[in-house]
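Containing mmCIF, C-alpha atoms and all ligand atoms: data-v2.cif.
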```cif
data_run
#
loop_
_atom_site.label_atom_id
_atom_site.label_comp_id
_atom_site.auth_asym_id
_atom_site.auth_seq_id
_atom_site.Cartn_x
_atom_site.Cartn_y
_atom_site.Cartn_z
CA MET E 1 0.00 0.00 0.00
CA GLY E 2 1.21 3.45 -0.78
CA GLU E 3 -0.25 6.91 -0.88
CA PRO E 4 -2.42 7.93 -3.82
CA ALA E 5 -1.39 10.46 -6.44
CA GLY E 6 -3.44 13.05 -4.53
CA GLY E 7 -0.82 13.05 -1.76
CA HIS E 8 1.46 14.99 -4.12
CA ASP E 9 1.18 18.50 -5.53
CA VAL E 10 3.51 18.02 -8.50
CA LEU E 11 4.38 14.93 -10.53
CA LEU E 12 7.83 15.11 -12.13
CA LEU E 13 7.42 12.77 -15.10
CA ASP E 14 10.16 11.44 -17.29
CA LEU E 15 9.10 11.40 -20.95
CA ASP E 16 10.71 8.63 -23.02
CA GLY E 17 9.40 5.26 -21.86
CA VAL E 18 6.86 6.93 -19.53
CA VAL E 19 4.72 9.23 -21.68
CA TYR E 20 5.94 8.34 -25.17
CA VAL E 21 8.33 6.06 -27.03
CA GLY E 22 9.67 7.91 -30.04
CA GLU E 23 6.62 9.57 -31.57
CA ASP E 24 3.99 7.28 -30.06
CA PRO E 25 2.21 7.49 -26.68
CA VAL E 26 2.78 4.83 -24.03
CA PRO E 27 -0.51 2.96 -23.41
CA TRP E 28 -2.70 4.69 -20.76
CA ALA E 29 -0.30 7.64 -20.40
CA VAL E 30 -2.60 10.25 -21.94
CA GLU E 31 -5.72 9.15 -20.02
CA SER E 32 -3.80 8.91 -16.75
CA ILE E 33 -2.14 12.32 -17.05
CA THR E 34 -5.52 13.85 -17.93
CA SER E 35 -6.94 12.24 -14.78
CA ALA E 36 -4.12 13.62 -12.61
CA LEU E 37 -4.68 17.12 -13.99
CA ALA E 38 -8.42 16.79 -13.33
CA GLN E 39 -7.55 15.96 -9.69
CA GLY E 40 -5.77 19.32 -9.49
CA ILE E 41 -2.27 17.84 -9.51
CA ARG E 42 0.38 19.69 -11.50
CA VAL E 43 2.31 17.59 -14.02
CA ALA E 44 5.78 18.63 -15.15
CA TYR E 45 7.88 16.80 -17.72
CA VAL E 46 11.54 16.35 -16.90
CA THR E 47 13.75 15.00 -19.67
CA ASN E 48 17.45 14.32 -20.16
CA ASN E 49 16.91 14.81 -23.89
CA ALA E 50 18.48 18.19 -24.67
CA SER E 51 17.73 18.47 -28.38
CA ARG E 52 14.31 20.17 -28.50
CA PRO E 53 13.24 23.43 -26.83
CA PRO E 54 10.39 23.04 -24.30
CA GLY E 55 7.81 24.53 -26.68
CA GLN E 56 8.51 21.79 -29.25
CA VAL E 57 8.29 19.06 -26.61
CA ALA E 58 4.96 20.52 -25.44
CA ALA E 59 3.67 20.56 -29.04
CA HIS E 60 4.56 16.86 -29.31
CA LEU E 61 2.67 16.18 -26.07
CA ARG E 62 -0.38 18.11 -27.29
CA SER E 63 -0.33 16.11 -30.54
CA LEU E 64 -0.75 13.00 -28.39
CA GLY E 65 -3.66 14.55 -26.46
CA VAL E 66 -1.77 15.77 -23.36
CA PRO E 67 -2.64 19.42 -22.57
CA ALA E 68 0.93 20.69 -21.98
CA THR E 69 2.63 24.04 -22.54
CA GLY E 70 6.32 24.91 -22.69
CA GLU E 71 6.08 25.98 -19.03
CA ASP E 72 5.46 22.34 -18.10
CA VAL E 73 8.66 21.02 -19.72
CA ILE E 74 12.10 21.10 -18.10
CA THR E 75 15.00 19.78 -20.18
CA SER E 76 18.62 18.98 -19.36
CA SER E 77 19.55 21.90 -21.63
CA MET E 78 17.70 24.29 -19.31
CA ALA E 79 19.44 22.86 -16.25
CA GLY E 80 22.78 22.88 -18.08
CA ALA E 81 22.35 26.52 -19.07
CA ALA E 82 21.73 27.43 -15.41
CA LEU E 83 24.97 25.66 -14.44
CA MET E 84 26.81 27.48 -17.23
CA ALA E 85 25.36 30.88 -16.28
CA ASP E 86 26.71 30.36 -12.74
CA ARG E 87 30.19 29.81 -14.16
CA VAL E 88 30.39 32.37 -17.00
CA PRO E 89 27.51 34.85 -16.57
CA GLY E 90 26.69 36.67 -19.82
CA GLY E 91 29.41 34.78 -21.68
CA ARG E 92 29.73 33.39 -25.19
CA VAL E 93 29.24 29.64 -25.02
CA LEU E 94 30.10 27.07 -27.66
CA ALA E 95 26.76 25.29 -28.13
CA VAL E 96 27.07 21.69 -29.26
CA GLY E 97 23.69 20.07 -29.92
CA GLY E 98 20.27 20.89 -31.29
CA GLU E 99 18.20 24.07 -31.02
CA GLY E 100 17.28 23.07 -27.46
CA VAL E 101 20.87 23.75 -26.34
CA ALA E 102 21.13 27.18 -28.01
CA SER E 103 17.70 28.40 -26.88
CA ALA E 104 18.35 27.35 -23.27
CA LEU E 105 21.61 29.33 -23.25
CA ARG E 106 19.84 32.41 -24.64
CA GLU E 107 17.14 32.13 -21.96
CA ARG E 108 19.91 32.46 -19.33
CA GLY E 109 21.46 35.53 -20.96
CA LEU E 110 24.33 33.61 -22.57
CA THR E 111 25.29 33.87 -26.24
CA PRO E 112 25.49 30.55 -28.09
CA VAL E 113 28.27 30.38 -30.70
CA SER E 114 29.17 27.64 -33.16
CA SER E 115 32.96 27.91 -33.22
CA TYR E 116 35.68 28.35 -30.63
CA ASP E 117 37.87 31.47 -30.44
CA GLU E 118 39.53 33.60 -27.76
CA HIS E 119 36.17 35.18 -26.84
CA THR E 120 34.52 31.84 -26.01
CA ALA E 121 33.91 31.42 -22.27
CA GLY E 122 32.51 27.89 -22.02
CA VAL E 123 31.29 24.75 -23.77
CA MET E 124 27.85 23.18 -23.39
CA GLN E 125 27.45 19.78 -24.98
CA GLY E 126 24.05 18.18 -25.54
CA TYR E 127 22.43 15.82 -27.95
CA GLY E 128 21.29 16.95 -31.38
CA PRO E 129 20.58 14.68 -34.33
CA ASP E 130 22.77 16.79 -36.63
CA VAL E 131 25.86 17.03 -34.43
CA GLY E 132 28.86 16.13 -36.58
CA TRP E 133 32.62 16.18 -36.77
CA ARG E 134 32.99 19.95 -37.10
CA GLU E 135 31.07 20.68 -33.88
CA LEU E 136 32.87 17.92 -32.00
CA ALA E 137 36.21 19.29 -33.20
CA GLU E 138 35.30 22.82 -32.04
CA ALA E 139 34.26 21.37 -28.68
CA THR E 140 37.57 19.54 -28.42
CA TYR E 141 39.59 22.73 -29.09
CA ALA E 142 37.60 24.62 -26.43
CA VAL E 143 37.83 21.82 -23.88
CA ARG E 144 41.58 21.43 -24.46
CA ALA E 145 41.93 25.18 -23.83
CA GLY E 146 40.52 24.52 -20.34
CA LEU E 147 37.14 26.27 -20.69
CA PRO E 148 34.30 25.26 -18.34
CA TRP E 149 32.57 22.22 -19.89
CA VAL E 150 28.94 21.40 -19.07
CA ALA E 151 27.34 18.21 -20.40
CA THR E 152 23.54 18.20 -20.51
CA ASN E 153 23.50 14.45 -19.77
CA LEU E 154 25.63 11.33 -20.10
CA ASP E 155 23.13 8.82 -21.52
CA ARG E 156 25.30 6.52 -23.64
CA THR E 157 22.43 5.41 -25.82
CA LEU E 158 19.31 6.97 -27.26
CA PRO E 159 16.31 4.69 -27.85
CA THR E 160 15.04 4.70 -31.44
CA PRO E 161 12.49 2.50 -33.20
CA ARG E 162 15.45 0.72 -34.86
CA GLY E 163 17.26 0.10 -31.58
CA PRO E 164 19.78 1.99 -29.44
CA ALA E 165 21.67 4.81 -31.18
CA PRO E 166 24.60 6.89 -29.80
CA GLY E 167 23.40 9.19 -27.02
CA ASN E 168 25.04 12.37 -25.77
CA GLY E 169 27.23 10.44 -23.32
CA SER E 170 28.92 8.62 -26.20
CA LEU E 171 29.72 11.91 -27.95
CA VAL E 172 30.95 13.40 -24.65
CA ASP E 173 33.20 10.35 -24.32
CA LEU E 174 34.63 11.08 -27.76
CA VAL E 175 35.59 14.65 -26.77
CA ALA E 176 36.92 13.31 -23.45
CA ILE E 177 39.14 10.75 -25.19
CA VAL E 178 40.63 13.36 -27.51
CA SER E 179 40.98 16.14 -24.90
CA GLY E 180 42.00 14.08 -21.87
CA ARG E 181 39.33 15.80 -19.72
CA ARG E 182 35.86 14.95 -18.43
CA PRO E 183 33.00 17.48 -18.20
CA ASP E 184 33.19 19.72 -15.14
CA VAL E 185 29.52 19.15 -14.37
CA VAL E 186 26.57 17.19 -15.76
CA ALA E 187 23.01 18.53 -15.63
CA GLY E 188 20.83 15.52 -16.42
CA LYS E 189 19.60 12.65 -14.28
CA PRO E 190 21.04 10.93 -12.21
CA GLU E 191 22.89 14.16 -11.31
CA PRO E 192 20.70 16.48 -9.20
CA ALA E 193 20.66 19.71 -11.30
CA LEU E 194 17.77 18.80 -13.61
CA LEU E 195 15.37 17.85 -10.83
CA GLN E 196 16.50 20.87 -8.82
CA GLU E 197 15.64 23.07 -11.81
CA ALA E 198 12.23 21.35 -12.02
CA LEU E 199 11.58 21.94 -8.30
CA ARG E 200 12.57 25.58 -8.67
CA ARG E 201 10.36 26.16 -11.70
CA THR E 202 7.30 24.35 -10.31
CA GLY E 203 7.60 25.39 -6.66
CA ALA E 204 6.72 21.80 -5.72
CA GLN E 205 6.17 21.11 -2.02
CA ARG E 206 5.30 17.39 -2.15
CA PRO E 207 6.70 16.18 -5.48
CA LEU E 208 6.81 12.64 -6.80
CA VAL E 209 9.50 11.57 -9.28
CA ILE E 210 8.18 9.15 -11.91
CA GLY E 211 10.40 7.34 -14.41
CA ASP E 212 11.17 4.14 -16.28
CA ARG E 213 14.89 3.88 -15.46
CA LEU E 214 16.44 3.04 -12.09
CA ASP E 215 19.89 4.36 -13.05
CA THR E 216 18.69 7.83 -14.05
CA ASP E 217 15.15 8.76 -12.91
CA ILE E 218 14.98 6.83 -9.65
CA ALA E 219 18.63 7.48 -8.77
CA ALA E 220 18.13 11.23 -9.29
CA GLY E 221 15.09 11.22 -7.00
CA HIS E 222 17.10 9.46 -4.32
CA ARG E 223 19.93 11.99 -4.62
CA LEU E 224 17.45 14.70 -3.58
CA GLY E 225 15.59 12.58 -1.02
CA LEU E 226 12.35 12.66 -3.06
CA PRO E 227 9.81 9.81 -3.27
CA THR E 228 10.00 7.82 -6.51
CA LEU E 229 7.69 5.69 -8.64
CA LEU E 230 8.96 3.24 -11.27
CA VAL E 231 6.58 2.50 -14.15
CA LEU E 232 7.21 -0.70 -16.07
CA THR E 233 6.61 0.78 -19.52
CA GLY E 234 10.23 1.47 -20.43
CA ILE E 235 13.73 0.24 -19.66
CA SER E 236 13.80 -1.15 -16.08
CA SER E 237 11.83 -4.22 -14.99
CA GLU E 238 10.29 -5.10 -11.64
CA ALA E 239 13.03 -7.71 -11.21
CA ASP E 240 15.62 -4.96 -11.73
CA ALA E 241 13.90 -2.90 -9.03
CA ILE E 242 13.81 -5.77 -6.55
CA ALA E 243 17.50 -6.46 -7.17
CA ALA E 244 18.49 -2.77 -6.97
CA GLY E 245 20.65 -1.34 -4.22
CA PRO E 246 19.22 1.36 -1.93
CA GLY E 247 20.24 4.29 -4.16
CA TRP E 248 18.27 2.92 -7.12
CA ARG E 249 15.31 1.36 -5.31
CA PRO E 250 11.96 3.00 -6.08
CA ASP E 251 9.43 3.64 -3.31
CA TYR E 252 6.57 2.50 -5.56
CA VAL E 253 6.20 0.38 -8.67
CA ALA E 254 3.34 0.30 -11.17
CA GLU E 255 2.60 -1.42 -14.46
CA ASP E 256 1.80 1.93 -16.07
CA LEU E 257 0.51 5.41 -15.27
CA ARG E 258 -3.02 4.20 -14.49
CA CYS E 259 -1.86 4.22 -10.86
CA LEU E 260 -2.43 8.01 -11.04
CA MET E 261 -6.17 7.52 -11.43
CA PRO E 262 -8.32 8.01 -8.31
CA GLY E 263 -8.83 5.11 -5.95
CA ARG E 264 -5.79 3.11 -7.01
CA ALA E 265 -3.79 1.42 -4.26
CA TRP E 266 -0.07 1.83 -4.85
CA ARG E 267 2.32 -1.07 -4.62
CA THR E 268 5.58 -0.75 -2.75
CA LEU E 269 8.51 -3.03 -3.41
CA ALA E 270 8.73 -3.91 0.28
CA ALA E 271 5.20 -5.33 0.10
CA GLU E 272 6.16 -7.33 -2.99
CA ALA E 273 9.32 -8.71 -1.42
CA GLY E 274 7.69 -9.25 2.00
MG MG U 301 12.86 7.36 -19.77
#
```
Would you write the structure of this file as structure tokens?
Ligand SMILES: [Mg+2]
Amino acid sequence: MGEPAGGHDVLLLDLDGVVYVGEDPVPWAVESITSALAQGIRVAYVTNNASRPPGQVAAHLRSLGVPATGEDVITSSMAGAALMADRVPGGRVLAVGGEGVASALRERGLTPVSSYDEHTAGVMQGYGPDVGWRELAEATYAVRAGLPWVATNLDRTLPTPRGPAPGNGSLVDLVAIVSGRRPDVVAGKPEPALLQEALRRTGAQRPLVIGDRLDTDIAAGHRLGLPTLLVLTGISSEADAIAAGPGWRPDYVAEDLRCLMPGRAWRTLAAEAG
């Protein structure tokens, strides 16, 4: 037995494997989110994927039937830009990645640039489907020069309908191999910055972290001492959760997001194992 969704004021939902897979909705996600909103619970979407600005992610959600706006979406680019603004306020930042990276830097008063020179103050590296050799070479020059280096996330793989593809972590590894450095800080889950940004933007008092991966979503919740719910619609299985160490162990587990509907009893792993 656990507490119902109504015990929380904000749900911090992961997207891929929780709300959608690629373009398509996860079964019951749309109906369940609609139900949570009707109960007066705020839903925010928290994603390691840095490539799209929040408005584009919200448009994707609306196309599935989820009534979201850009205000409801927090990406690792937004958290990364906050980390960069702390280090080089107002600076010119080499932006490696999609439009999501550049727009997040602009929102924080930084100037995204596409090549490295003596005026460049930092490097932010995130995923973008068109990132190629030239951008990775510019990043390498800037990193070798010792500039602050923020990675939006270190996911090695990116799920696609044709199987895993290289994620931002693999491209960060490439720059690390060539430069001999690692990023100074990482924004995305399991690091705390992305969820901290989500808490700041939503003003959540009793949040619940919901995700499909123990090693990112659930681990990030634990890092901040927040309650966590694993849904079994993505990467991690219930067996994974039962076998997980304390830092990756979710408080609750559910087949899918229907647990957000009124009157549902929530399962805890302790009850399962007991
Ligand atoms: Mg996911």
- Query: Can you tell me, as a PyMOL selection string, what residues are no more than 12 Å from Ala151 in chain E when counting all atoms listed in the file, ignoring any on the same chain fewer than 6 positions away?
  - Reply: chain E and resi 48-50+76-84+94-97+101+122-127+139+143+167-173+175-176+182-189+191+193-194
Proximity of range 41-62 of chain E to range 104-118 of chain E: per-residue shortest pair, 12 Å limit, all atoms listed in the file, as JSON lines:
```
{"residue": "E:Ala50", "atom": "CA", "partner": "E:Ala104", "partner_atom": "CA", "distance": 9.3}
{"residue": "E:Ser51", "atom": "CA", "partner": "E:Ala104", "partner_atom": "CA", "distance": 10.3}
{"residue": "E:Arg52", "atom": "CA", "partner": "E:Ala104", "partner_atom": "CA", "distance": 9.8}
{"residue": "E:Pro53", "atom": "CA", "partner": "E:Ala104", "partner_atom": "CA", "distance": 7.4}
{"residue": "E:Pro54", "atom": "CA", "partner": "E:Ala104", "partner_atom": "CA", "distance": 9.1}
{"residue": "E:Gly55", "atom": "CA", "partner": "E:Ala104", "partner_atom": "CA", "distance": 11.4}
```
Return as a PDB file with C-alpha atoms, in the coordinates of the input every polymer residue, whether protein, DNA or RNA, with at least one atom no more than 7 Å from an atom of ligand MG 301 (chain U); count only C-alpha atoms and all ligand atoms.
```
ATOM      1  CA  ASP E  14      10.160  11.440 -17.290  1.00  0.00           C
ATOM      2  CA  LEU E  15       9.100  11.400 -20.950  1.00  0.00           C
ATOM      3  CA  ASP E  16      10.710   8.630 -23.020  1.00  0.00           C
ATOM      4  CA  GLY E  17       9.400   5.260 -21.860  1.00  0.00           C
ATOM      5  CA  VAL E  18       6.860   6.930 -19.530  1.00  0.00           C
ATOM      6  CA  GLY E 211      10.400   7.340 -14.410  1.00  0.00           C
ATOM      7  CA  ASP E 212      11.170   4.140 -16.280  1.00  0.00           C
ATOM      8  CA  ARG E 213      14.890   3.880 -15.460  1.00  0.00           C
ATOM      9  CA  GLY E 234      10.230   1.470 -20.430  1.00  0.00           C
TER      10      GLY E 234
END
```
- Using all atoms listed in the file, can you list as a PyMOL selection string the residues within 6 Å of (7.1, 3.6, -7.9)? chain E and resi 228-230+250-254
- Message: List the spatial neighbours of Leu12 in chain E as a PyMOL selection string - criterion: any atom at most 10 Å away, all atoms listed in the file, same-chain residues fewer than 4 positions off excluded.
- Response: chain E and resi 42-47+72-74+195+198-199+202+204+207-211+217+221+228
- Item | Pairwise distance for CA of Ala244 in chain E and CA of Asp215 in chain E, rounded to one decimal in Å |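 CA of Ala244 in chain E sits 9.5 Å away from CA of Asp215 in chain E.
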- Taking into account all atoms listed in the file, which residue in the set E:Ala239, E:Ile218, E:Val231, E:Ala137 is nearest to Val19 in chain E? E:Val231
- If you count only C-alpha atoms, which residues fall within 12 Å of Thr160 in chain E, apart from same-chain ones fewer than 6 positions away, as number ranges by chain? E: 16-17, 20-24, 129, 166-167
- Note on the structure: Between CA of Gly98 in chain E and CA of Val57 in chain E lies a distance of 13.0 Å
- For CA of Ala220 in chain E and CA of Arg62 in chain E, determine how far apart the two atoms are, in Å to one decimal place.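 Spanning CA of Ala220 in chain E to CA of Arg62 in chain E is a straight-line distance of 26.7 Å.
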- Message: Just checking: using all atoms listed in the file, which residue out of E:Gly7, E:Thr233, E:Arg206, E:Glu135 ends up closest to Pro25 in chain E?
- Response: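 Checking each of E:Gly7, E:Thr233, E:Arg206, E:Glu135 against Pro25 in chain E, counting all atoms listed in the file, the winner is E:Thr233.
Proximity of E:Pro262, E:Leu136, E:Val10, E:Leu257 to Ile33 in chain E, computed with only C-alpha atoms, is greatest for E:Leu257.
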Complete the atoms of range 243-263 of chain E to N, CA and C atoms and put them out as a short mmCIF file (atom, residue, chain, number, x, y, z; two decimals), in the coordinates of the input.
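What ended up in part.cif:
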```cif
data_model
loop_
_atom_site.label_atom_id
_atom_site.label_comp_id
_atom_site.auth_asym_id
_atom_site.auth_seq_id
_atom_site.Cartn_x
_atom_site.Cartn_y
_atom_site.Cartn_z
N ALA E 243 16.07 -6.18 -7.33
CA ALA E 243 17.50 -6.46 -7.17
C ALA E 243 18.33 -5.21 -6.89
N ALA E 244 17.71 -4.02 -7.04
CA ALA E 244 18.49 -2.77 -6.97
C ALA E 244 18.97 -2.48 -5.56
N GLY E 245 20.13 -1.83 -5.49
CA GLY E 245 20.65 -1.34 -4.22
C GLY E 245 19.83 -0.14 -3.75
N PRO E 246 20.07 0.32 -2.52
CA PRO E 246 19.22 1.36 -1.93
C PRO E 246 19.16 2.66 -2.74
N GLY E 247 20.23 3.02 -3.42
CA GLY E 247 20.24 4.29 -4.16
C GLY E 247 19.41 4.26 -5.43
N TRP E 248 19.03 3.06 -5.87
CA TRP E 248 18.27 2.92 -7.12
C TRP E 248 16.89 2.32 -6.86
N ARG E 249 16.53 2.11 -5.62
CA ARG E 249 15.31 1.36 -5.31
C ARG E 249 14.11 2.31 -5.25
N PRO E 250 13.11 2.10 -6.10
CA PRO E 250 11.96 3.00 -6.08
C PRO E 250 11.08 2.76 -4.85
N ASP E 251 10.37 3.81 -4.41
CA ASP E 251 9.43 3.64 -3.31
C ASP E 251 8.19 2.87 -3.77
N TYR E 252 7.78 3.13 -5.02
CA TYR E 252 6.57 2.50 -5.56
C TYR E 252 6.88 1.93 -6.94
N VAL E 253 6.08 0.94 -7.33
CA VAL E 253 6.20 0.38 -8.67
C VAL E 253 4.80 0.18 -9.23
N ALA E 254 4.65 0.45 -10.54
CA ALA E 254 3.34 0.30 -11.17
C ALA E 254 3.52 -0.18 -12.60
N GLU E 255 2.53 -0.93 -13.08
CA GLU E 255 2.60 -1.42 -14.46
C GLU E 255 2.66 -0.27 -15.45
N ASP E 256 1.88 0.78 -15.18
CA ASP E 256 1.80 1.93 -16.07
C ASP E 256 1.22 3.10 -15.28
N LEU E 257 0.93 4.19 -15.96
CA LEU E 257 0.51 5.41 -15.27
C LEU E 257 -0.93 5.37 -14.77
N ARG E 258 -1.66 4.28 -15.02
CA ARG E 258 -3.02 4.20 -14.49
C ARG E 258 -3.05 4.30 -12.96
N CYS E 259 -1.91 4.07 -12.32
CA CYS E 259 -1.86 4.22 -10.86
C CYS E 259 -2.17 5.66 -10.43
N LEU E 260 -2.12 6.62 -11.38
CA LEU E 260 -2.43 8.01 -11.04
C LEU E 260 -3.93 8.27 -10.97
N MET E 261 -4.71 7.31 -11.44
CA MET E 261 -6.17 7.52 -11.43
C MET E 261 -6.71 7.38 -10.00
N PRO E 262 -7.81 8.03 -9.69
CA PRO E 262 -8.32 8.01 -8.31
C PRO E 262 -8.64 6.59 -7.84
N GLY E 263 -8.41 6.37 -6.56
CA GLY E 263 -8.83 5.11 -5.95
C GLY E 263 -7.88 3.95 -6.15
#
```
